[in-house]
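Visitor: Input target-v1.txt, format and content: compact mmCIF, C-alpha atoms.
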```
# COMPACT_ATOMS: atom_id res chain seq x y z
CA MET A 1 -11.40 8.30 -24.93
CA GLY A 2 -14.66 7.41 -23.21
CA ILE A 3 -14.82 10.75 -21.51
CA SER A 4 -14.00 12.71 -24.64
CA LEU A 5 -16.70 10.84 -26.55
CA PHE A 6 -19.20 11.57 -23.83
CA PHE A 7 -18.42 15.25 -23.74
CA SER A 8 -18.32 15.65 -27.49
CA CYS A 9 -22.12 15.81 -27.56
CA LYS A 10 -22.39 18.15 -24.58
CA SER A 11 -21.40 21.67 -23.66
CA LYS A 12 -17.93 22.48 -24.84
CA TYR A 13 -17.04 23.93 -21.48
CA PRO A 14 -14.11 21.84 -20.14
CA LEU A 15 -14.46 19.47 -17.23
CA THR A 16 -13.61 21.29 -14.02
CA ALA A 17 -12.80 20.11 -10.51
CA GLU A 18 -15.30 22.42 -8.85
CA VAL A 19 -16.13 20.15 -5.95
CA SER A 20 -16.32 21.22 -2.31
CA TYR A 21 -16.31 18.91 0.64
CA LEU A 22 -19.31 19.65 2.88
CA ARG A 23 -19.43 16.96 5.57
CA THR A 24 -19.60 13.26 6.31
CA ASP A 25 -23.01 11.98 7.30
CA ALA A 26 -21.93 8.47 8.15
CA PRO A 27 -18.70 6.46 8.02
CA GLY A 28 -17.83 5.89 4.38
CA VAL A 29 -20.25 8.51 3.06
CA VAL A 30 -19.08 11.95 1.99
CA VAL A 31 -21.32 14.90 1.14
CA VAL A 32 -20.00 17.20 -1.56
CA GLU A 33 -21.22 20.10 -3.62
CA SER A 34 -20.20 20.22 -7.26
CA PHE A 35 -20.76 22.39 -10.30
CA GLY A 36 -21.68 21.33 -13.80
CA TYR A 37 -22.13 22.91 -17.21
CA GLY A 38 -24.45 22.11 -20.07
CA ASN A 39 -26.58 23.39 -22.89
CA THR A 40 -29.67 22.46 -20.93
CA LYS A 41 -30.45 22.26 -17.22
CA GLU A 42 -30.55 18.47 -17.43
CA GLU A 43 -27.12 18.35 -19.03
CA ALA A 44 -25.69 20.71 -16.45
CA GLU A 45 -27.14 18.62 -13.63
CA GLU A 46 -25.63 15.47 -15.12
CA ASP A 47 -22.35 17.27 -15.39
CA CYS A 48 -22.42 17.94 -11.62
CA PHE A 49 -22.17 14.18 -11.09
CA HIS A 50 -19.32 13.87 -13.58
CA THR A 51 -17.42 16.67 -11.92
CA ALA A 52 -17.84 15.03 -8.51
CA PHE A 53 -16.90 11.50 -9.56
CA GLN A 54 -14.08 12.50 -11.87
CA THR A 55 -12.57 14.60 -9.08
CA ILE A 56 -12.84 11.77 -6.56
CA PHE A 57 -11.35 9.34 -9.11
CA PHE A 58 -8.45 11.36 -10.41
CA LYS A 59 -7.85 14.42 -8.25
CA GLY A 60 -8.96 13.68 -4.69
CA LEU A 61 -10.60 15.98 -2.17
CA PRO A 62 -7.78 17.70 -0.24
CA LYS A 63 -10.06 18.79 2.59
CA TYR A 64 -11.22 15.30 3.44
CA GLY A 65 -8.60 12.86 4.72
CA GLY A 66 -10.37 9.75 3.50
CA LEU A 67 -10.34 11.02 -0.09
CA ARG A 68 -7.30 13.30 0.02
CA LEU A 69 -5.53 11.07 -2.47
CA PRO A 70 -7.18 10.25 -5.80
CA MET A 71 -8.79 6.81 -5.91
CA ILE A 72 -7.24 6.06 -9.29
CA GLU A 73 -3.61 6.98 -9.67
CA ASP A 74 -3.14 6.98 -13.41
CA GLN A 75 -6.00 8.37 -15.48
CA LYS A 76 -4.30 7.78 -18.83
CA ALA A 77 -3.54 4.15 -17.96
CA ILE A 78 -7.18 3.52 -17.03
CA GLU A 79 -8.44 5.14 -20.21
CA LYS A 80 -6.03 2.98 -22.18
CA GLU A 81 -6.42 -0.34 -20.35
CA HIS A 82 -10.14 -0.09 -19.56
CA PRO A 83 -11.53 2.07 -22.37
CA HIS A 84 -15.12 0.99 -21.76
CA PHE A 85 -15.18 1.43 -18.03
CA LEU A 86 -15.55 5.20 -17.76
CA ARG A 87 -17.85 5.39 -20.75
CA SER A 88 -20.15 2.78 -19.27
CA PHE A 89 -19.89 4.33 -15.81
CA TYR A 90 -21.16 7.70 -17.05
CA ASP A 91 -23.31 6.82 -20.07
CA LYS A 92 -25.26 4.14 -18.20
CA ARG A 93 -25.30 6.32 -15.10
CA GLU A 94 -23.79 3.54 -13.03
CA TYR A 95 -22.49 6.18 -10.65
CA MET A 96 -26.04 6.66 -9.36
CA GLN A 97 -25.78 3.47 -7.31
CA PHE A 98 -23.22 5.26 -5.11
CA VAL A 99 -25.26 8.44 -4.65
CA THR A 100 -27.09 8.03 -1.36
CA MET A 101 -28.66 11.49 -1.29
CA GLN A 102 -28.95 14.39 -3.71
CA GLY A 103 -29.97 17.99 -3.22
CA LYS A 104 -32.00 20.12 -5.58
CA PRO A 105 -29.89 21.53 -8.43
CA VAL A 106 -29.56 25.31 -8.46
CA GLN A 107 -28.66 27.40 -11.51
CA VAL A 108 -25.88 29.83 -10.58
CA ASN A 109 -25.42 31.86 -13.77
CA LYS A 110 -27.32 33.44 -16.60
CA ARG A 111 -27.07 31.24 -19.64
CA ASN A 112 -24.21 32.49 -21.81
CA LYS A 113 -22.18 31.35 -24.79
CA VAL A 114 -19.07 30.42 -22.88
CA GLU A 115 -20.48 28.44 -19.97
CA GLY A 116 -23.93 27.56 -21.20
CA ILE A 117 -25.92 26.83 -18.06
CA LYS A 118 -23.96 26.41 -14.83
CA MET A 119 -25.57 24.55 -11.96
CA LYS A 120 -24.56 23.46 -8.50
CA LYS A 121 -25.76 20.39 -6.71
CA SER A 122 -25.03 18.67 -3.44
CA MET A 123 -24.87 14.91 -3.17
CA ALA A 124 -23.81 12.21 -0.74
CA ILE A 125 -21.49 9.58 -2.17
CA ASN A 126 -20.84 6.21 -0.60
CA TYR A 127 -17.13 6.20 -1.36
CA VAL A 128 -16.43 2.93 0.46
CA ALA A 129 -18.86 1.12 -1.83
CA LEU A 130 -17.41 2.99 -4.80
CA LYS A 131 -13.93 1.84 -3.90
CA LYS A 132 -15.07 -1.77 -3.53
CA TYR A 133 -16.75 -1.50 -6.94
CA LEU A 134 -13.51 -0.26 -8.50
CA GLU A 135 -11.65 -3.14 -6.88
CA ARG A 136 -14.18 -5.64 -8.18
CA GLU A 137 -13.89 -4.20 -11.68
CA GLU A 138 -10.09 -4.44 -11.30
CA ILE A 139 -9.70 -0.74 -11.93
CA ILE A 140 -7.76 -0.38 -8.69
CA ARG A 141 -5.92 -2.96 -6.64
CA LYS A 142 -7.20 -4.30 -3.38
CA PHE A 143 -5.37 -3.14 -0.29
CA GLY A 144 -2.06 -4.94 -0.31
CA TYR A 145 0.66 -5.87 -2.78
CA MET B 1 -25.74 -41.87 -23.25
CA LYS B 2 -27.55 -39.41 -21.01
CA TYR B 3 -24.95 -39.91 -18.28
CA THR B 4 -22.15 -39.56 -20.78
CA ILE B 5 -23.48 -36.16 -21.88
CA LEU B 6 -24.02 -35.07 -18.28
CA THR B 7 -20.52 -36.20 -17.37
CA PHE B 8 -19.14 -34.34 -20.37
CA PHE B 9 -20.84 -31.08 -19.31
CA ALA B 10 -19.85 -31.61 -15.69
CA MET B 11 -16.23 -32.08 -16.73
CA LEU B 12 -16.46 -29.04 -18.96
CA ALA B 13 -17.80 -26.93 -16.11
CA PHE B 14 -15.20 -28.32 -13.69
CA GLY B 15 -12.49 -27.61 -16.23
CA ASN B 16 -13.70 -24.03 -16.53
CA ILE B 17 -13.58 -23.60 -12.79
CA ILE B 18 -10.04 -24.88 -12.65
CA THR B 19 -9.01 -22.66 -15.55
CA ALA B 20 -10.61 -19.66 -13.91
CA GLN B 21 -8.83 -20.38 -10.66
CA GLU B 22 -5.51 -20.89 -12.38
CA GLY B 23 -5.90 -17.71 -14.34
CA LYS B 24 -6.82 -15.66 -11.29
CA VAL B 25 -4.07 -13.45 -9.98
CA ASN B 26 -4.39 -13.01 -6.27
CA SER B 27 -2.96 -9.89 -4.74
CA VAL B 28 -0.72 -10.66 -1.81
CA GLN B 29 -2.08 -9.14 1.33
CA PRO B 30 0.74 -8.43 3.73
CA ASP B 31 0.52 -9.55 7.36
CA ILE B 32 0.39 -6.59 9.69
CA ILE B 33 1.14 -6.23 13.37
CA VAL B 34 0.28 -3.11 15.35
CA ILE B 35 2.77 -2.37 18.13
CA PRO B 36 3.32 0.42 20.65
CA TYR B 37 6.08 2.93 20.06
CA THR B 38 8.92 2.59 22.55
CA LYS B 39 11.84 4.85 23.27
CA GLU B 40 15.41 3.59 23.44
CA GLY B 41 15.74 1.39 26.52
CA GLN B 42 12.02 1.15 27.27
CA ASP B 43 10.51 -2.26 27.88
CA ILE B 44 7.69 -2.74 25.39
CA ARG B 45 5.73 -4.89 27.88
CA THR B 46 5.91 -2.31 30.67
CA VAL B 47 4.90 0.48 28.29
CA LEU B 48 1.82 -1.40 27.16
CA GLU B 49 0.76 -2.68 30.56
CA SER B 50 0.97 0.75 32.18
CA ASP B 51 -0.88 2.70 29.50
CA ILE B 52 -4.58 2.01 28.92
CA ASN B 53 -4.74 4.77 26.28
CA LEU B 54 -2.07 3.07 24.26
CA ARG B 55 -3.91 -0.23 24.47
CA ILE B 56 -7.08 1.46 23.21
CA ALA B 57 -5.19 3.09 20.36
CA LEU B 58 -3.65 -0.26 19.40
CA ALA B 59 -7.10 -1.86 19.37
CA LYS B 60 -8.54 0.98 17.24
CA VAL B 61 -5.80 0.81 14.63
CA LYS B 62 -6.00 -2.98 14.51
CA GLU B 63 -9.76 -2.66 14.04
CA ALA B 64 -9.21 -0.32 11.08
CA PHE B 65 -7.08 -2.93 9.35
CA ASP B 66 -9.56 -5.68 10.19
CA ASN B 67 -12.36 -3.59 8.66
CA ARG B 68 -10.40 -3.49 5.43
CA GLY B 69 -10.44 -7.26 5.28
CA PHE B 70 -7.13 -7.98 6.93
CA THR B 71 -6.33 -10.62 9.44
CA THR B 72 -3.92 -8.74 11.60
CA ILE B 73 -1.50 -10.41 13.95
CA ASP B 74 -2.36 -9.77 17.56
CA PHE B 75 0.49 -8.04 19.31
CA VAL B 76 -0.47 -9.05 22.86
CA ALA B 77 -0.91 -12.69 21.86
CA THR B 78 2.48 -12.70 20.13
CA LEU B 79 4.07 -11.08 23.17
CA LYS B 80 2.53 -13.66 25.49
CA ALA B 81 3.55 -16.54 23.23
CA LEU B 82 7.08 -15.26 23.10
CA SER B 83 7.22 -14.91 26.89
CA ALA B 84 5.73 -18.38 27.41
CA ASP B 85 8.26 -19.96 25.08
CA GLY B 86 11.06 -18.28 26.97
CA GLY B 87 12.21 -17.06 23.59
CA MET B 88 12.54 -13.49 24.72
CA THR B 89 16.14 -12.52 25.25
CA GLN B 90 16.43 -10.94 28.65
CA GLY B 91 18.49 -7.82 29.14
CA THR B 92 18.22 -6.63 25.57
CA LYS B 93 15.17 -4.41 25.86
CA THR B 94 15.54 -2.66 22.52
CA SER B 95 15.67 -5.94 20.66
CA ILE B 96 12.42 -7.23 22.16
CA LYS B 97 10.50 -5.26 19.54
CA ARG B 98 12.59 -6.89 16.82
CA GLN B 99 12.01 -10.33 18.38
CA ILE B 100 8.25 -9.76 18.42
CA ILE B 101 8.20 -8.62 14.80
CA GLU B 102 10.30 -11.59 13.70
CA ARG B 103 8.23 -14.04 15.73
CA SER B 104 4.98 -12.66 14.30
CA LYS B 105 6.25 -13.13 10.70
CA ALA B 106 4.58 -9.82 9.90
CA ASP B 107 5.46 -8.09 6.64
CA ILE B 108 4.51 -4.70 8.00
CA TYR B 109 4.51 -3.29 11.50
CA VAL B 110 2.64 -0.19 12.54
CA GLU B 111 3.90 1.80 15.51
CA VAL B 112 1.38 3.71 17.57
CA GLU B 113 2.20 6.60 19.89
CA VAL B 114 -0.36 8.44 22.04
CA PHE B 115 -0.01 11.80 23.83
CA PRO B 116 -2.86 12.79 26.18
CA MET B 117 -3.07 16.60 26.37
CA PRO B 118 -5.06 17.65 29.43
CA SER B 119 -5.97 21.32 29.87
CA GLY B 120 -8.36 23.54 31.79
CA PHE B 121 -10.42 24.03 28.62
CA GLY B 122 -10.95 20.37 27.98
CA ASN B 123 -8.77 17.41 27.16
CA SER B 124 -7.50 16.27 23.82
CA VAL B 125 -5.20 13.59 22.53
CA ARG B 126 -2.57 13.42 19.83
CA ILE B 127 -1.79 10.18 18.06
CA ILE B 128 1.09 9.26 15.75
CA LEU B 129 0.97 6.27 13.41
CA THR B 130 3.97 5.02 11.45
CA ALA B 131 4.03 1.96 9.21
CA TYR B 132 7.27 0.19 8.31
CA ASP B 133 8.25 -2.63 6.01
CA ALA B 134 9.36 -5.29 8.49
CA TYR B 135 12.18 -6.55 6.25
CA THR B 136 13.79 -3.36 5.07
CA GLY B 137 12.69 -0.94 7.78
CA ASN B 138 11.52 1.46 5.07
CA SER B 139 8.73 3.78 6.15
CA LEU B 140 5.47 3.13 4.32
CA SER B 141 3.20 5.74 5.84
CA ASN B 142 3.03 8.13 8.77
CA LYS B 143 0.30 10.36 10.06
CA THR B 144 -0.47 12.44 13.10
CA GLY B 145 -3.94 13.26 14.33
CA THR B 146 -5.26 15.46 17.12
CA SER B 147 -8.71 15.34 18.62
CA ALA B 148 -10.76 18.43 19.36
CA LYS B 149 -10.89 19.42 23.04
CA ARG B 150 -13.65 17.78 25.05
CA TYR B 151 -14.59 17.93 28.71
CA THR B 152 -14.00 14.25 29.28
CA ASP B 153 -11.41 11.99 30.85
CA ASP B 154 -12.35 9.20 28.49
CA TYR B 155 -9.21 9.16 26.38
CA GLY B 156 -10.49 6.16 24.47
CA THR B 157 -13.21 8.34 22.96
CA LEU B 158 -10.70 11.10 22.27
CA ILE B 159 -8.42 8.63 20.49
CA GLU B 160 -11.31 7.56 18.32
CA LEU B 161 -12.11 11.21 17.58
CA ALA B 162 -8.48 11.95 16.73
CA MET B 163 -8.57 9.27 14.11
CA THR B 164 -11.86 10.21 12.51
CA GLU B 165 -13.26 13.55 13.59
CA ALA B 166 -13.34 16.97 11.93
CA TYR B 167 -10.79 19.32 13.44
CA TYR B 168 -10.45 23.03 12.70
CA ASN B 169 -12.84 22.63 9.77
CA GLN B 170 -10.67 19.87 8.33
CA GLU B 171 -12.14 16.43 8.15
CA VAL B 172 -9.07 14.56 9.24
CA ASN B 173 -10.07 10.92 8.92
CA MET B 174 -6.52 10.06 9.68
CA LEU B 175 -6.86 6.31 9.43
CA GLU B 176 -8.30 6.36 5.91
CA ASP B 177 -5.56 8.70 4.79
CA PHE B 178 -2.92 6.58 6.53
CA LEU B 179 -4.15 3.44 4.77
CA ASN B 180 -4.44 5.20 1.42
CA VAL B 181 -0.84 6.39 1.62
CA MET B 182 0.20 2.82 2.40
CA GLN B 183 -1.70 1.65 -0.64
CA THR B 184 0.18 4.07 -2.88
CA LYS B 185 3.42 2.54 -1.53
CA PHE B 186 2.08 -0.95 -2.25
CA ASP B 187 1.18 0.13 -5.78
CA ASP B 188 4.71 1.43 -6.17
CA ILE B 189 6.10 -1.91 -4.98
CA VAL B 190 3.93 -3.75 -7.49
CA LYS B 191 5.09 -1.42 -10.24
CA ASN B 192 8.75 -1.07 -9.35
CA GLY B 193 9.51 -4.17 -7.27
CA ARG B 194 10.39 -4.61 -3.63
CA SER B 195 13.71 -3.73 -2.07
CA ILE B 196 16.21 -6.19 -0.69
CA LYS B 197 19.83 -5.90 0.36
CA VAL B 198 22.71 -8.07 -0.77
CA PHE B 199 26.01 -8.26 1.07
CA PHE B 200 29.05 -10.05 -0.35
CA SER B 201 32.05 -10.90 1.85
CA PHE B 202 34.87 -13.43 2.18
CA THR B 203 35.89 -15.96 4.81
CA GLU B 204 39.13 -15.19 6.62
CA ASN B 205 41.01 -17.95 4.78
CA SER B 206 39.68 -17.04 1.36
CA ASP B 207 42.24 -16.93 -1.47
CA ILE B 208 40.22 -14.48 -3.52
CA ASP B 209 38.97 -10.93 -3.11
CA MET B 210 36.88 -8.46 -5.08
CA HIS B 211 39.78 -7.68 -7.41
CA THR B 212 40.37 -11.32 -8.39
CA LEU B 213 39.98 -11.81 -12.13
CA ILE B 214 37.15 -14.10 -13.12
CA GLY B 215 36.13 -16.11 -16.17
CA PRO B 216 37.04 -15.84 -19.84
CA LYS B 217 36.54 -12.08 -19.94
CA ARG B 218 39.06 -11.66 -17.07
CA MET B 219 36.77 -9.25 -15.24
CA ALA B 220 37.26 -8.37 -11.58
CA LEU B 221 34.83 -10.22 -9.29
CA GLU B 222 33.23 -6.92 -8.25
CA ASP B 223 32.48 -6.09 -11.88
CA VAL B 224 31.08 -9.56 -12.54
CA LEU B 225 28.75 -9.23 -9.56
CA GLU B 226 27.60 -5.76 -10.59
CA GLU B 227 26.94 -6.95 -14.12
CA TRP B 228 24.83 -9.84 -12.82
CA MET B 229 22.93 -7.49 -10.56
CA ALA B 230 22.27 -5.11 -13.47
CA ASP B 231 20.92 -8.00 -15.53
CA ASN B 232 18.81 -9.60 -12.82
CA SER B 233 17.47 -6.77 -10.67
CA PHE B 234 13.93 -5.67 -11.43
CA LYS B 235 13.97 -2.93 -14.06
CA ASN B 236 17.76 -2.96 -13.66
CA TYR B 237 17.50 -1.05 -10.42
CA TYR B 238 20.23 -1.47 -7.81
CA GLN B 239 22.36 0.77 -5.65
CA ILE B 240 25.81 0.02 -4.32
CA GLY B 241 26.24 1.21 -0.74
CA GLY B 242 29.97 0.56 -0.47
CA GLN B 243 32.74 -1.72 -1.59
CA ASP B 244 36.43 -2.46 -1.29
CA GLU B 245 38.49 -5.55 -1.91
CA THR B 246 37.01 -7.35 1.10
CA PHE B 247 33.30 -6.72 0.62
CA MET B 248 30.58 -5.39 -1.64
CA ASN B 249 27.33 -4.05 -0.31
CA PHE B 250 24.26 -3.65 -2.52
CA GLU B 251 22.23 -1.31 -0.36
CA GLU B 252 19.12 -1.68 -2.47
CA VAL B 253 18.23 -4.22 -5.12
CA LYS B 254 14.74 -4.34 -6.57
CA ILE B 255 13.17 -7.73 -7.16
CA PRO B 256 9.74 -8.37 -8.65
CA LEU B 257 6.79 -9.44 -6.51
CA LYS B 258 5.80 -12.17 -8.98
CA ASP B 259 7.71 -14.23 -11.49
CA GLU B 260 6.66 -14.73 -15.10
CA SER B 261 4.29 -17.53 -14.06
CA LYS B 262 2.60 -15.12 -11.62
CA ARG B 263 3.98 -17.05 -8.66
CA ASN B 264 5.30 -15.12 -5.69
CA TYR B 265 8.95 -14.28 -6.12
CA THR B 266 10.69 -14.39 -2.77
CA THR B 267 14.02 -13.17 -1.50
CA THR B 268 15.13 -16.77 -1.09
CA ARG B 269 14.47 -17.52 -4.75
CA PHE B 270 16.54 -14.51 -5.76
CA ALA B 271 19.25 -15.68 -3.33
CA SER B 272 19.15 -19.14 -4.86
CA SER B 273 19.72 -17.76 -8.39
CA LEU B 274 22.51 -15.53 -7.15
CA ASN B 275 24.18 -18.35 -5.25
CA THR B 276 24.01 -20.67 -8.26
CA PHE B 277 25.62 -17.98 -10.37
CA CYS B 278 28.39 -17.36 -7.81
CA ASN B 279 29.20 -21.06 -7.54
CA GLY B 280 29.47 -21.24 -11.34
CA LEU B 281 32.21 -18.63 -11.51
CA TYR B 282 35.80 -19.74 -12.05
CA LEU B 283 39.16 -18.05 -11.88
CA ALA B 284 40.49 -16.43 -15.07
CA GLY B 285 42.61 -18.88 -17.02
CA LYS B 286 41.62 -21.77 -14.72
CA PRO B 287 38.29 -23.19 -15.97
CA GLN B 288 38.44 -26.00 -13.39
CA SER B 289 38.90 -23.69 -10.39
CA PHE B 290 35.35 -22.85 -9.42
CA ILE B 291 34.66 -20.37 -6.69
CA SER B 292 32.78 -21.61 -3.67
CA ALA B 293 30.08 -19.42 -2.16
CA LYS B 294 27.61 -19.86 0.67
CA ARG B 295 24.38 -17.95 1.14
CA ASP B 296 22.32 -16.87 4.13
CA VAL B 297 19.00 -15.08 4.00
CA ARG B 298 17.65 -13.06 6.91
CA GLY B 299 14.40 -11.31 6.12
CA SER B 300 15.13 -9.34 3.01
CA VAL B 301 18.90 -9.35 3.40
CA ILE B 302 21.03 -11.83 1.46
CA TYR B 303 24.54 -12.61 2.67
CA ILE B 304 26.87 -14.28 0.19
CA THR B 305 30.19 -15.43 1.63
CA PHE B 306 32.98 -16.56 -0.69
CA ASN B 307 35.45 -19.18 0.52
```
Write the structure described by the file as structure tokens, please.
Guide:
Amino acid sequence: MGISLFFSCKSKYPLTAEVSYLRTDAPGVVVVESFGYGNTKEEAEEDCFHTAFQTIFFKGLPKYGGLRLPMIEDQKAIEKEHPHFLRSFYDKREYMQFVTMQGKPVQVNKRNKVEGIKMKKSMAINYVALKKYLEREEIIRKFGY
Amino acid sequence: MKYTILTFFAMLAFGNIITAQEGKVNSVQPDIIVIPYTKEGQDIRTVLESDINLRIALAKVKEAFDNRGFTTIDFVATLKALSADGGMTQGTKTSIKRQIIERSKADIYVEVEVFPMPSGFGNSVRIILTAYDAYTGNSLSNKTGTSAKRYTDDYGTLIELAMTEAYYNQEVNMLEDFLNVMQTKFDDIVKNGRSIKVFFSFTENSDIDMHTLIGPKRMALEDVLEEWMADNSFKNYYQIGGQDETFMNFEEVKIPLKDESKRNYTTTRFASSLNTFCNGLYLAGKPQSFISAKRDVRGSVIYITFN
């Protein structure tokens, strides 16, 4: 619900999982490159963050063992039980507190009707801190029963 | 007056704290022990004492759990305590592992196996981790990891690399993955309950068997027991492993982790309910002839013996 509301005012291009694992700079920090779409460059850049975080939350990064499995198992359950969490996370840009480095965004297409503007952007995400945050917010369980 | 108001607010605040604490649902963190893998007939002490690489691997895996906020049970300390107490049964080498696990009271044990792989082009090491539920023996997670080749004899470093380093363009980070898989199993246990086993049998002098008719409905004892299990297992999940007139084996029965009051629900509490039910049964047509049953609980296995 939160996500659909957020995207209703943006490019109609659907959320993708275009995220590539690049490297790990330090324990608990993963560097990824993600793509985003938008009607403006700013929107497309924002969308790069959404693509990265949504993929880490609900899809996982198969190439990186530490994030091979999605952090949150059941997307529908989270959207139902914590309807404000994702909305707040993206609308208030709370995800930025887990971004430890970001590269310059690069436009990779010519603006068109289908995609709008497509941009790619690299960023380092402190996924250990992100996980702890999700535990604290009771979105995921702490390690254990 | 002033003190009365202050006291009132203090009590209010204290009350809130208590309410908050009561309302808080703590997740149960299982106790974990990390042990070396042993083959059939191998002495676990000899294996550990003769292999420095294995000891390093044990320490590394234990450290990974500690970093996640766990207080792990120290294998070496448990082993020494068991030896000092003279509690270790001599001559039964394969059961020493079982004795250590039982002594440690761990809920989960993680077996570690290490294979050094020397070569002319550098050395590497392969490591295998397997986590088991200590009560049921069910596997919770297993992972293998291999380090890249390095010109070093320091297998400790290679073990560390095997657990965390990129290999063939794949960032392995085996430990994180291993722990994440375990967490998915934990989540499943929370959602679908934990498994226990229930075994019904009879004493040699017992006058009844599984075909004996019970109660006003004149149902066979085996049917009565299955009906109770269907009603009382978590989400009505149970599996019968085998039965005849002398025994009935419920290979898997799911019980919840918490009761309705959010208190931990243990195997012994389930056993207590089951035993009470069994002792309340009477023979068909003889309301005064109650059946007598005795229970034993070992780990997550319940034994009910009818007299």
Visitor: Figure out the distance between atom CA of B:Ala162 and atom CA of B:Pro36, please, to one decimal in Å.
Guide: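 Result for atom CA of B:Pro36 versus atom CA of B:Ala162: 17.0 Å, one decimal.
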Visitor: Taking (2.2, -12.2, 24.8) in the file's coordinates, which residues come within 12 Å, counting all atoms listed in the file, written as a ChimeraX atom specification?
Guide: /B:35,44-45,48-49,73-88,96,99-100,103-104
Visitor: So which residues touch B:Glu160 within 9 Å, counting all atoms listed in the file, skipping near sequence neighbours fewer than 2 positions away, as number ranges by chain?
Guide: B: 56-57, 60, 147, 155-158, 162-165
Visitor: Just C-alpha atoms for this one: save the residues we selected as an mmCIF file, in the frame of the given file.
Guide:
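Contents of out_31.cif, as written:
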```cif
data_model
loop_
_atom_site.group_PDB
_atom_site.id
_atom_site.type_symbol
_atom_site.label_atom_id
_atom_site.label_comp_id
_atom_site.auth_asym_id
_atom_site.auth_seq_id
_atom_site.Cartn_x
_atom_site.Cartn_y
_atom_site.Cartn_z
ATOM 1 C CA ILE B 56 -7.080 1.460 23.210
ATOM 2 C CA ALA B 57 -5.190 3.090 20.360
ATOM 3 C CA LYS B 60 -8.540 0.980 17.240
ATOM 4 C CA SER B 147 -8.710 15.340 18.620
ATOM 5 C CA TYR B 155 -9.210 9.160 26.380
ATOM 6 C CA GLY B 156 -10.490 6.160 24.470
ATOM 7 C CA THR B 157 -13.210 8.340 22.960
ATOM 8 C CA LEU B 158 -10.700 11.100 22.270
ATOM 9 C CA ALA B 162 -8.480 11.950 16.730
ATOM 10 C CA MET B 163 -8.570 9.270 14.110
ATOM 11 C CA THR B 164 -11.860 10.210 12.510
ATOM 12 C CA GLU B 165 -13.260 13.550 13.590
#
```
Visitor: Using Å and a single decimal, report how far atom CA of B:Asp133 sits from atom CA of B:Asp107.
Guide: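 Atom CA of B:Asp133 lies 6.2 Å from atom CA of B:Asp107.
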Visitor: Could you check the closest approach to chain A for each of B:Glu260, B:Asp177, B:Glu63, B:Asp153 and tell me which residue wins, using all atoms listed in the file?
Guide: B:Asp177
Visitor: Just how far from atom CA of A:Tyr37 is atom CA of A:Ile125, in Å to one decimal?
Guide: 20.1 Å
